[in-house]
Amino acid sequence: MKTYKSASIRNIALAGHGGSGKTTLAEALLFKSKGTDRMGKVVDGSTVCDHDPEEIKRKISLNTSLAYTEWKNAKINIVDTPGQFDFIGGMYEGVRAAETVVITVGAKDGVQVGTIKAYKEAKKQGKACVFVVTKNDEENADFAKTLDGIKSQFGGSVCELTDRDTLSELVAGTDEALMEKFLETMELSDDEINKGLTAALAGGDVTPVVKATATTAEGIEELLDLIINSFPSPADVEGEPLADGKKAKYDESAPLTAFVFKTIADPFVGKMSFIKIITGSLNPKTEPINTRTGEPERFGKLLALKGKKQEDMTEAFAGDIVAITRLNAVTGDALCAPGKTAEFSMIEFPVAVFFQAVAAKGKGDEAKISDAITKILEEDRVLNYVNNSETRQRVLGGLGDQHLNYTISKMKSKFGVDVELSEPIIAYRETVRKKVTGIEGKHKKQSGGAGQFGVVVMDFEPHTEDELVFEEKVFGGSVPKQFFPAVEKGLRESVEHGVLAGYPVVRLKATLTDGKYHPVDSKEIAFVQAARLAFKDGVKAASPCLLEPILSLKILVGDDNTGDVMGIVNKRRGSVLGTNPAGDGMTEVVAEMPQAETSDFALVILQMTKGLGSFTQEFARYQELPQTLEAEVIANAPKVKHEV
């Protein structure tokens with residue numbers, strides 16, 4: 001295919017609320033520009049960008065997809081991103097790869113939460129924004145009302161493209177020469193508007209609103225012309241953000257640097273990486289250096305993508321978006337010419353907040369789970385995975401139940417691993433609430449030959465340290481010093497499994513005060529066992545209790561949802577520590593909540609705020625579980641085999 005330099009490339013990301021017409025708009029752009037020979041439909045599963053079997057089945061976009069077309073001697077790279085909140089990580093990838101974010105807004109539904117999220121992310125990443133009002137042919141569609149809603153939500157930079165007077169004034173305000181002419185004549189030529197609009201878009205000073213109906217092709221040709229004439233090319237923007245805060249200008253004459261913004265791991269077609277070339281050029285014979293590993297990368301093919309359709313490329317230049325097969329790099333890696341080093345800023349993905357345990361349905365699949373999850377983690381950087389050695393569970397985290405359900409569907413279809421999800425086991429702790437003294441542990445064993453004999457007398461009491469504190473205050477040699485380590489060993493083995501439900505014991509101090517030994521039969525093992533027996537009796541007598549993990553939460557919600565969130569926190573045995581204004585009509589609620597109450601909290605926040613809210617969580621501390629809940633926790637505790 002033809003190659004393009006940065007000035008002739010337009011990279012656009014399609015973003016917006018789920019169901020607002022992103023994928024259908026991509027179809028219309030491709031079809032009108034003769035990039036495809038037919039107009040696919042989401043309902044038929046025939047679109048270019050929704051080609052994953054699960055996307056066809058669910059009739060929604062689940063992944064970031066690439067397509068390109070050519071229009072008036074320029075190349076348009078289209079990055080179609082998911083709008084459903086569980087899969088919003090794809091939007092972050094797509095916005096990063098583009099210079100302009102095209103935000104679709106349905107003419108019937110108007111501004112929705114996904115519209116706001118897309119706009120905020122585009123602004124956060126410093127991208128140009130254009131609103132496209134879609135589905136104008138639907139019943140109850142109202143373009144004028146939708147336009148008013150966009151203006152009301154997003155401010156004074158919003159302007160309908162056909163409103164030439166307002167557009168001229170906004171564009172003129174970004175350039176002294178244009179402003180001078182506008183003040184003299186009160187008008188600008190189309191060429192001046194187009195040129196000024198490019199700079200105004202790149203600077204975030206103007207946010208045009210375009211009317212385009214994909215199914216009838218109304219406004220599609222005009223949108224293609226706008227993309228070519230006014231959307232900033234890579235050559236028109238400041239550049240790609242580097243890790244040090246600076247920006248790398250797009251320049252095809254410089255040595256190669258490129259950024260991996262998405263990875264696809266597929267056992268059938270092999271690994272594929274989506275690449276944005278920042279400087280220089282790339283061809284199939286190039287052997288770039290991976291900045292992270294310091295090693296050269298040898299890849300397979302250099303491709304232009306139209307959904308799942310692949311076209312070989314001979315070369316690609318700075319500013320272009322391409323795909324590479326069999327690359328060892330991962331998302332976020334920088335590829336550079338030998339002798340050149342670059343490190344780009346990482347994409348800031350949403351944090352996983354919904355966790356489920358993953359277990360194989362069949363015995364033969366258990367060993368395959370980790371390998372399959374490792375590959376899927378390369379694809380989806382939002383996912384979080386922990387192999388919890390304490391609970392012996394594999395725990396997978398995502399943004400919601402749909403996110404995790406799709407993930408396990410991929411594990412089965414791509415890697416042949418059939419798994420099921422369940423509630424994760426909560427890692428409780430045990431401790432004591434009072435001091436007990438004079439607790440004896442006696443181990444005596446005689447079975448022919450040398451016997452085993454050891455007696456310890458111990459005190460047990462609460463302590464501030466999580467780790468076991470062991471002391472000895474033995475007088476008169478009742479327990480020789482050489483057996484002190486054996487006593488401590490027995491205690492440290494014992495605290496791994498408490499007496500209530502088998503959870504680890506913390507905040508315990510044990511003091512050896514007395515004991516007995518036999519000059520022949522006393523051995524290390526005897527005092528290990530004696531300490532275990534003393535531990536069991538002593539902890540039972542010291543008013544044992546369960547401790548539950550408490551999480552620290554930072555919950556970001558709309559101002560009108562603040563009271564509802566605080567009520568939910570209180571109902572779930574949590575406490576609100578404070579609130580902070582976050583701007584843009586948002587409030588941060590700082591709270592603490594028992595982990596046992598947070599299993600579906602992500603789903604509740606999503607539903608309550610209609611997708612606008614979000615939160616992060618981290619472990620804060622352990623605190624005593626209410627006694628009214630102890631019996632249930634003990635009854636449901638995982639059975640752990642151990643010896644006492």
# chains A, B, ... in the order shown; residues from 1 in each chain; ligands from 1
$ residues_around --residues "range 134-139 of chain A" --least-positions-apart "5" --cutoff "9 Å" --atoms "only C-alpha atoms" --output "PyMOL selection string"
chain A and resi 20-22+25+104-108+210-216
$ residues_around --residues "range 496-510 of chain A" --least-positions-apart "3" --cutoff "10 Å" --atoms "only C-alpha atoms" --output "VMD selection string"
chain A and resid 390 to 391 427 to 433 435 to 437 458 to 472 488 491 to 493 513 531 534 to 540 544 to 547 622 630 to 631 633 to 644
$ closest_residue --among "A:Thr562, A:Gln529, A:Ser46, A:Thr198" --to "Ala582 in chain A" --atoms "only C-alpha atoms"
A:Thr562
$ closest_residue --among "A:Ile60, A:Val237, A:Val260, A:Met39" --to "Tyr406 in chain A" --atoms "only C-alpha atoms"
A:Ile60
$ closest_residue --among "A:Gly578, A:Gly515, A:Pro480, A:Gly490" --to "Val456 in chain A" --atoms "only C-alpha atoms"
A:Gly515
$ select_by_dssp --residues "range 76-291 of chain A" --states "strand (DSSP E)" --output "NGL selection string"
:A and (76-80 or 100-106 or 128-134 or 158-160 or 207-211 or 240-241 or 247-248 or 257-264 or 272-279 or 281-282 or 289-290)
$ decode --residues "range 177-188 of chain A" --atoms "all heavy atoms" --output "mmCIF file, in the first residue's frame"
data_model
loop_
_atom_site.group_PDB
_atom_site.id
_atom_site.type_symbol
_atom_site.label_atom_id
_atom_site.label_comp_id
_atom_site.auth_asym_id
_atom_site.auth_seq_id
_atom_site.Cartn_x
_atom_site.Cartn_y
_atom_site.Cartn_z
ATOM 1 N N ALA A 177 -2.855 37.506 13.795
ATOM 2 C CA ALA A 177 -3.115 37.962 12.427
ATOM 3 C C ALA A 177 -4.568 37.723 12.043
ATOM 4 O O ALA A 177 -5.212 38.586 11.420
ATOM 5 C CB ALA A 177 -2.181 37.249 11.452
ATOM 6 N N LEU A 178 -5.091 36.551 12.401
ATOM 7 C CA LEU A 178 -6.483 36.260 12.082
ATOM 8 C C LEU A 178 -7.417 37.173 12.863
ATOM 9 O O LEU A 178 -8.444 37.625 12.337
ATOM 10 C CB LEU A 178 -6.803 34.794 12.392
ATOM 11 C CG LEU A 178 -6.183 33.744 11.478
ATOM 12 C CD1 LEU A 178 -6.530 32.337 11.965
ATOM 13 C CD2 LEU A 178 -6.664 33.920 10.035
ATOM 14 N N MET A 179 -7.091 37.463 14.113
ATOM 15 C CA MET A 179 -7.920 38.345 14.918
ATOM 16 C C MET A 179 -7.941 39.753 14.344
ATOM 17 O O MET A 179 -8.993 40.412 14.286
ATOM 18 C CB MET A 179 -7.412 38.363 16.362
ATOM 19 C CG MET A 179 -8.193 39.321 17.281
ATOM 20 S SD MET A 179 -9.971 38.950 17.356
ATOM 21 C CE MET A 179 -9.949 37.549 18.473
ATOM 22 N N GLU A 180 -6.787 40.204 13.877
ATOM 23 C CA GLU A 180 -6.719 41.542 13.284
ATOM 24 C C GLU A 180 -7.614 41.640 12.056
ATOM 25 O O GLU A 180 -8.364 42.601 11.879
ATOM 26 C CB GLU A 180 -5.265 41.860 12.912
ATOM 27 C CG GLU A 180 -5.068 43.280 12.412
ATOM 28 C CD GLU A 180 -3.604 43.596 12.160
ATOM 29 O OE1 GLU A 180 -2.737 42.924 12.754
ATOM 30 O OE2 GLU A 180 -3.345 44.526 11.367
ATOM 31 N N LYS A 181 -7.558 40.608 11.185
ATOM 32 C CA LYS A 181 -8.404 40.618 9.986
ATOM 33 C C LYS A 181 -9.877 40.504 10.349
ATOM 34 O O LYS A 181 -10.741 41.168 9.764
ATOM 35 C CB LYS A 181 -8.019 39.478 9.050
ATOM 36 C CG LYS A 181 -8.870 39.487 7.780
ATOM 37 C CD LYS A 181 -8.580 38.361 6.839
ATOM 38 C CE LYS A 181 -9.527 38.466 5.647
ATOM 39 N NZ LYS A 181 -9.374 37.349 4.697
ATOM 40 N N PHE A 182 -10.165 39.659 11.323
ATOM 41 C CA PHE A 182 -11.564 39.460 11.716
ATOM 42 C C PHE A 182 -12.161 40.753 12.276
ATOM 43 O O PHE A 182 -13.318 41.089 11.997
ATOM 44 C CB PHE A 182 -11.653 38.345 12.763
ATOM 45 C CG PHE A 182 -13.045 38.053 13.221
ATOM 46 C CD1 PHE A 182 -13.948 37.406 12.391
ATOM 47 C CD2 PHE A 182 -13.472 38.442 14.489
ATOM 48 C CE1 PHE A 182 -15.250 37.139 12.818
ATOM 49 C CE2 PHE A 182 -14.764 38.187 14.919
ATOM 50 C CZ PHE A 182 -15.654 37.532 14.076
ATOM 51 N N LEU A 183 -11.384 41.495 13.054
ATOM 52 C CA LEU A 183 -11.884 42.749 13.602
ATOM 53 C C LEU A 183 -12.112 43.784 12.514
ATOM 54 O O LEU A 183 -12.990 44.653 12.634
ATOM 55 C CB LEU A 183 -10.899 43.286 14.650
ATOM 56 C CG LEU A 183 -10.789 42.465 15.944
ATOM 57 C CD1 LEU A 183 -9.690 43.019 16.838
ATOM 58 C CD2 LEU A 183 -12.129 42.459 16.687
ATOM 59 N N GLU A 184 -11.314 43.694 11.420
ATOM 60 C CA GLU A 184 -11.475 44.638 10.317
ATOM 61 C C GLU A 184 -12.666 44.290 9.432
ATOM 62 O O GLU A 184 -13.431 45.155 9.020
ATOM 63 C CB GLU A 184 -10.205 44.663 9.455
ATOM 64 C CG GLU A 184 -9.007 45.300 10.147
ATOM 65 C CD GLU A 184 -7.761 45.242 9.277
ATOM 66 O OE1 GLU A 184 -7.852 44.683 8.161
ATOM 67 O OE2 GLU A 184 -6.717 45.747 9.705
ATOM 68 N N THR A 185 -12.830 42.983 9.127
ATOM 69 C CA THR A 185 -13.830 42.570 8.139
ATOM 70 C C THR A 185 -14.999 41.809 8.743
ATOM 71 O O THR A 185 -16.011 41.595 8.076
ATOM 72 C CB THR A 185 -13.175 41.678 7.071
ATOM 73 O OG1 THR A 185 -12.717 40.458 7.707
ATOM 74 C CG2 THR A 185 -11.994 42.386 6.421
ATOM 75 N N MET A 186 -14.837 41.338 9.984
ATOM 76 C CA MET A 186 -15.839 40.511 10.684
ATOM 77 C C MET A 186 -16.116 39.198 9.967
ATOM 78 O O MET A 186 -17.177 38.593 10.117
ATOM 79 C CB MET A 186 -17.156 41.284 10.883
ATOM 80 C CG MET A 186 -17.002 42.517 11.741
ATOM 81 S SD MET A 186 -16.220 42.177 13.363
ATOM 82 C CE MET A 186 -17.471 41.158 14.122
ATOM 83 N N GLU A 187 -15.153 38.750 9.171
ATOM 84 C CA GLU A 187 -15.287 37.442 8.523
ATOM 85 C C GLU A 187 -13.918 36.895 8.166
ATOM 86 O O GLU A 187 -12.943 37.637 8.047
ATOM 87 C CB GLU A 187 -16.166 37.531 7.274
ATOM 88 C CG GLU A 187 -15.601 38.418 6.176
ATOM 89 C CD GLU A 187 -16.500 38.468 4.949
ATOM 90 O OE1 GLU A 187 -17.648 37.994 5.034
ATOM 91 O OE2 GLU A 187 -16.049 38.985 3.916
ATOM 92 N N LEU A 188 -13.865 35.576 7.984
ATOM 93 C CA LEU A 188 -12.650 34.891 7.538
ATOM 94 C C LEU A 188 -13.008 33.996 6.372
ATOM 95 O O LEU A 188 -14.129 33.486 6.279
ATOM 96 C CB LEU A 188 -12.063 34.050 8.678
ATOM 97 C CG LEU A 188 -11.582 34.780 9.933
ATOM 98 C CD1 LEU A 188 -11.143 33.771 10.986
ATOM 99 C CD2 LEU A 188 -10.442 35.740 9.620
#
